[in-house]
Every structure is written in C-alpha cells, then in structure tokens.
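**Q** Before anything else, here's the structure in question.
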Amino acid sequence: MPLILMISLFGNEEKKEPSLLERLKASVSKTKAALSETVDNIFLGERRIDPAVLNSLETALLSADLGVKPTREILEAVKEKLDRNALSDGAQLKREIKSHIVRILNASASSNGTLPGAKIASPNGDKTRVIFVVGVNGAGKTTSIGKLANRFRQEGLSVILCAADTFRAAAVEQLEIWAKRNGIEVVKQKSGADPAAVVFDAVAAAKARLFDAVIVDTAGRLHTKSNLMAELDKMKRTAAKVIPGAPHDVLLVLDATTGQNGLSQAREFTGTVGVTGIILTKLDGTAKGGIVVAISRELGLPIRFVGTGEQINDLVPFDAETYADSLFN
C-alpha cells in the first residue's frame, strides 16, 4: 500500500491551515460571547425593541470596548431604523451593527499606505521598504516583528531585521531568536549603542543588498533621560538619509487586553512619529475585542494585522468584514 494512502487511512494527513475567518472567530470568541449572545438574549420570547432593550445593547457595546463614539453612532442608526419600522428582530439588529462596524473600519483602512506582502500591495518598487515597529514594552512588539518577518518570507520577500531597541535588557537576544526561527539576518550593535546608528547600518545594508524590506525594532522606553519620541524621530531622519522617504511604514503594536487604556499610548505615538497602521496583539485573550473599532474610530488608523495566538504563523492580515462576521456569525 502506498505510504501516502497509509498516512491518509490512519488519519495523520497534514492538517488544513485554518482560514482567516476561523482564526478571527477563535481570537474574538470571548468578545462574541459577551456581545452576540447579549443581542440574542434581547429578543428571547419575541421581545420588541424598546428603550430598555437599547439600554442593554448600549451596555453590551461599551462592555466590549467599542468606545463611546462608535456606540453612540450605532445606537443612533438603530433608533433611526426603528422609527421607520425597519428593524424587527435580532438578525436584522445584528446586520445593522455589523454594517456600521465595517463602515468605521473601512474608512480608516483606506486612509493610509500599504505594506509589502500579506495580501497588500507589492514591495517598494525596486527600493527597500523600511518598516518601523513602535509601541510600549510588553505589548508584543518583538514577537510581532518575528511573525511579520515570517509572513514576508512565506510570500517570497527578502527581509532583514534591525535591533534598534538597544536599551531594554535581552531585547537584542529576543530578536535574534526570531531571526533564527525565520532563517534571516539581524543587524545589531552592543547594548546601549545609539539606536540611530544601528538603523543606519541596517538600512544601508538592506539597500546595498537589495532586500525587499527591513523591519526595525524600536525602544518602548529608554533607560536615560532622553525623550523616547525624540529618539524615534532621530531614527526616522537617519533612515531617510539612506533611503529617501523612509520609513515607509510605522506600525504601532497595541495589546488588546489593555482596552481603552491602550488608546492613550496610541495617541502619544501617533501624534509624534506618524503611525501608518496598527498591529493588535493578544486579541484572543480579551472579551473586549471591540477595541478594534474604538482604535479605528478614534485614531483614524487601519488595523493592519491581528495576533491570534503564540505560534509563528499566528499573525493574520486584518479584514473588516471578516472581523464583523466573526463577532456575530
């Protein structure tokens, strides 16, 4: 009996890769339980939509961390349809909420640039694309860089890493571990070195060797009195001297479990370093997955990728309709 057939018969065939919808469903399962089931319970016993129902819906949306403004907008849209007798059951209410969520997310997604690979546009022409990854320590920044590099490698893009977080203990070592897992190089200097100098070396090397992308790991905080934002700005200027227009992307890593508290961090970064998109980590660990909507609405920034687990492949491109479907389907 052929070996392939034997493997198939005994059930050891290679597992099919889960789809984006399946991954997002798994990662927002806690949020779905808090939000979708609340909507279902509203209509138990063929209950009509009344002010008490709307109060319950408002509580559910806020509890899922959609934010005050998106919640208010959704409720206003629901009330408007109620006045026209255009809503009569839970299914219609879910469709209304989903469509509004998608509109908010798509409005932000169309407002910024693109990354190489990962269902997004081609690399930076014949130039190396420089990607800065920023965020506070503990948000999953270095891990996200490793996963992002893996996605690029899977799509045939050449990538090199830059260890510019020279102040945090073990930051360089952690990035080196991810580089080895991906089979790629990392440009580094000794601990405490000038981050801008490391950026210069990495971007110059990537340019000379025609890499498709260089991903820069930046500090989440500094152990000196110098200002973090000023340091990031210096790194950006240095990259631009080597490749005009760099960095082409500045991705902010946010921890979904911090909820609304993460928005204050995001505002500080977006106000000074020109963030172009968000990587949202640990979405699978919170019942407040509505923070995706709050971030897009408050900051006007697209969610580029979502972390759906701990493995190297657990970083998926974000899609608004798939996200909305995963909350309610």
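Going through the structure tokens in order, the chains are called A, B, and so on, while each chain numbers its residues from 1 and the ligands are numbered from 1 in the order shown.
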Quick one: residues within 10 Å of Lys30 of chain A, only C-alpha atoms counted, chain neighbours fewer than 2 positions away excluded, as a list in words?
**A**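 Here the answer would be Lys25, Ala26, Ser27, Val28, Lys32, Ala33, Ala34, Leu35, Ala64, Leu283, Asp284, Gly285, Thr286, Ala287, Lys288, Gly289 and Leu327 of chain A.
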**Q** Find the spatial neighbours of Pro70 of chain A, counting only C-alpha atoms, within a cut-off of 12 Å - ignore same-chain residues fewer than 2 positions away - and output them as a count of residues only.
**A** 31
**Q** Set out as a Markdown table a contact list for segment 187-220 of chain A and segment 226-243 of chain A with a cut-off of 9 Å, giving each residue of segment 187-220 of chain A that qualifies its closest atom pair and distance in Å to one decimal, counting only C-alpha atoms, ordered by chain and rising residue number.
**A**
| residue | atom | partner | partner_atom | distance |
| --- | --- | --- | --- | --- |
| A:Pro195 | CA | A:Met235 | CA | 6.9 |
| A:Ala196 | CA | A:Met235 | CA | 4.6 |
| A:Ala197 | CA | A:Thr238 | CA | 8.0 |
| A:Val198 | CA | A:Met235 | CA | 9.0 |
| A:Val199 | CA | A:Ala239 | CA | 6.5 |
| A:Phe200 | CA | A:Ala239 | CA | 6.1 |
| A:Val203 | CA | A:Ala239 | CA | 6.5 |
| A:Ala204 | CA | A:Val242 | CA | 6.2 |
| A:Lys207 | CA | A:Ile243 | CA | 7.6 |
| A:Thr218 | CA | A:Leu232 | CA | 7.6 |
| A:Ala219 | CA | A:Leu228 | CA | 7.6 |
| A:Gly220 | CA | A:Leu228 | CA | 7.7 |
**Q** For Val187 of chain A, which residue among A:Ala163, A:Ala266, A:Ser99, A:Ala206 is the nearest when counting only C-alpha atoms?
**A**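 Closest candidate: A:Ala163.
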**Q** Do you know which residues are at most 12 Å from Gly300 of chain A counting only C-alpha atoms, after dropping those on the same chain fewer than 6 positions away, and could you put them as a PyMOL selection string?
**A** chain A and resi 104-112+263+266-267+270-271+275-278+292-294
**Q** So which residues of segment 127-268 of chain A fall under strand (DSSP E or B) by DSSP, listed as a list in words?
**A**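 Residues of segment 127-268 of chain A classed as strand (DSSP E or B): Arg129, Val130, Ile131, Phe132, Val133, Val134, Val159, Ile160, Leu161, Cys162, Ala163, Val186, Val187, Ala213, Val214, Ile215, Val216, Asp217, Asp249, Val250, Leu251, Leu252, Val253, Leu254 and Asp255 of chain A.
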**Q** Please dump the current selection as an mmCIF file, in the first residue's frame; keep N, CA and C atoms.
**A**
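Dumped to result_20.cif:
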data_model
loop_
_atom_site.group_PDB
_atom_site.id
_atom_site.type_symbol
_atom_site.label_atom_id
_atom_site.label_comp_id
_atom_site.auth_asym_id
_atom_site.auth_seq_id
_atom_site.Cartn_x
_atom_site.Cartn_y
_atom_site.Cartn_z
ATOM 1 N N ARG A 129 11.934 48.579 1.316
ATOM 2 C CA ARG A 129 10.895 49.219 2.120
ATOM 3 C C ARG A 129 11.310 49.156 3.584
ATOM 4 N N VAL A 130 11.295 50.306 4.247
ATOM 5 C CA VAL A 130 11.721 50.403 5.643
ATOM 6 C C VAL A 130 10.492 50.476 6.534
ATOM 7 N N ILE A 131 10.395 49.539 7.477
ATOM 8 C CA ILE A 131 9.239 49.431 8.349
ATOM 9 C C ILE A 131 9.689 49.597 9.796
ATOM 10 N N PHE A 132 9.231 50.647 10.456
ATOM 11 C CA PHE A 132 9.485 50.832 11.881
ATOM 12 C C PHE A 132 8.340 50.197 12.662
ATOM 13 N N VAL A 133 8.671 49.481 13.725
ATOM 14 C CA VAL A 133 7.661 48.917 14.618
ATOM 15 C C VAL A 133 7.852 49.561 15.993
ATOM 16 N N VAL A 134 6.807 50.245 16.465
ATOM 17 C CA VAL A 134 6.888 51.005 17.710
ATOM 18 C C VAL A 134 5.836 50.508 18.692
ATOM 19 N N VAL A 159 13.941 39.773 3.664
ATOM 20 C CA VAL A 159 13.777 40.706 4.783
ATOM 21 C C VAL A 159 14.946 40.581 5.742
ATOM 22 N N ILE A 160 15.326 41.691 6.342
ATOM 23 C CA ILE A 160 16.385 41.728 7.349
ATOM 24 C C ILE A 160 15.861 42.508 8.547
ATOM 25 N N LEU A 161 16.287 42.117 9.744
ATOM 26 C CA LEU A 161 15.818 42.769 10.960
ATOM 27 C C LEU A 161 16.870 43.727 11.500
ATOM 28 N N CYS A 162 16.389 44.745 12.218
ATOM 29 C CA CYS A 162 17.273 45.751 12.810
ATOM 30 C C CYS A 162 16.982 45.830 14.301
ATOM 31 N N ALA A 163 17.989 45.538 15.130
ATOM 32 C CA ALA A 163 17.830 45.528 16.585
ATOM 33 C C ALA A 163 18.152 46.907 17.151
ATOM 34 N N VAL A 186 19.988 39.596 11.336
ATOM 35 C CA VAL A 186 19.633 40.738 12.163
ATOM 36 C C VAL A 186 20.867 41.618 12.318
ATOM 37 N N VAL A 187 20.699 42.921 12.104
ATOM 38 C CA VAL A 187 21.784 43.884 12.279
ATOM 39 C C VAL A 187 21.711 44.414 13.704
ATOM 40 N N ALA A 213 12.634 44.306 2.283
ATOM 41 C CA ALA A 213 12.180 45.036 3.467
ATOM 42 C C ALA A 213 13.187 44.921 4.594
ATOM 43 N N VAL A 214 13.266 45.966 5.411
ATOM 44 C CA VAL A 214 13.998 45.929 6.671
ATOM 45 C C VAL A 214 13.011 46.330 7.762
ATOM 46 N N ILE A 215 12.908 45.496 8.794
ATOM 47 C CA ILE A 215 11.973 45.751 9.897
ATOM 48 C C ILE A 215 12.786 46.178 11.115
ATOM 49 N N VAL A 216 12.469 47.358 11.642
ATOM 50 C CA VAL A 216 13.240 47.962 12.722
ATOM 51 C C VAL A 216 12.506 47.810 14.048
ATOM 52 N N ASP A 217 13.150 47.145 14.991
ATOM 53 C CA ASP A 217 12.626 47.031 16.356
ATOM 54 C C ASP A 217 13.088 48.254 17.135
ATOM 55 N N ASP A 249 6.646 52.790 6.456
ATOM 56 C CA ASP A 249 5.554 52.372 7.338
ATOM 57 C C ASP A 249 6.021 52.492 8.778
ATOM 58 N N VAL A 250 5.136 52.956 9.641
ATOM 59 C CA VAL A 250 5.379 52.957 11.080
ATOM 60 C C VAL A 250 4.207 52.227 11.718
ATOM 61 N N LEU A 251 4.457 51.007 12.170
ATOM 62 C CA LEU A 251 3.400 50.168 12.722
ATOM 63 C C LEU A 251 3.439 50.233 14.246
ATOM 64 N N LEU A 252 2.314 50.567 14.835
ATOM 65 C CA LEU A 252 2.196 50.649 16.288
ATOM 66 C C LEU A 252 1.602 49.346 16.823
ATOM 67 N N VAL A 253 2.315 48.696 17.730
ATOM 68 C CA VAL A 253 1.837 47.458 18.342
ATOM 69 C C VAL A 253 1.068 47.808 19.606
ATOM 70 N N LEU A 254 -0.194 47.367 19.664
ATOM 71 C CA LEU A 254 -1.046 47.595 20.827
ATOM 72 C C LEU A 254 -1.519 46.260 21.390
ATOM 73 N N ASP A 255 -1.573 46.176 22.699
ATOM 74 C CA ASP A 255 -2.055 44.997 23.405
ATOM 75 C C ASP A 255 -3.568 45.137 23.575
#
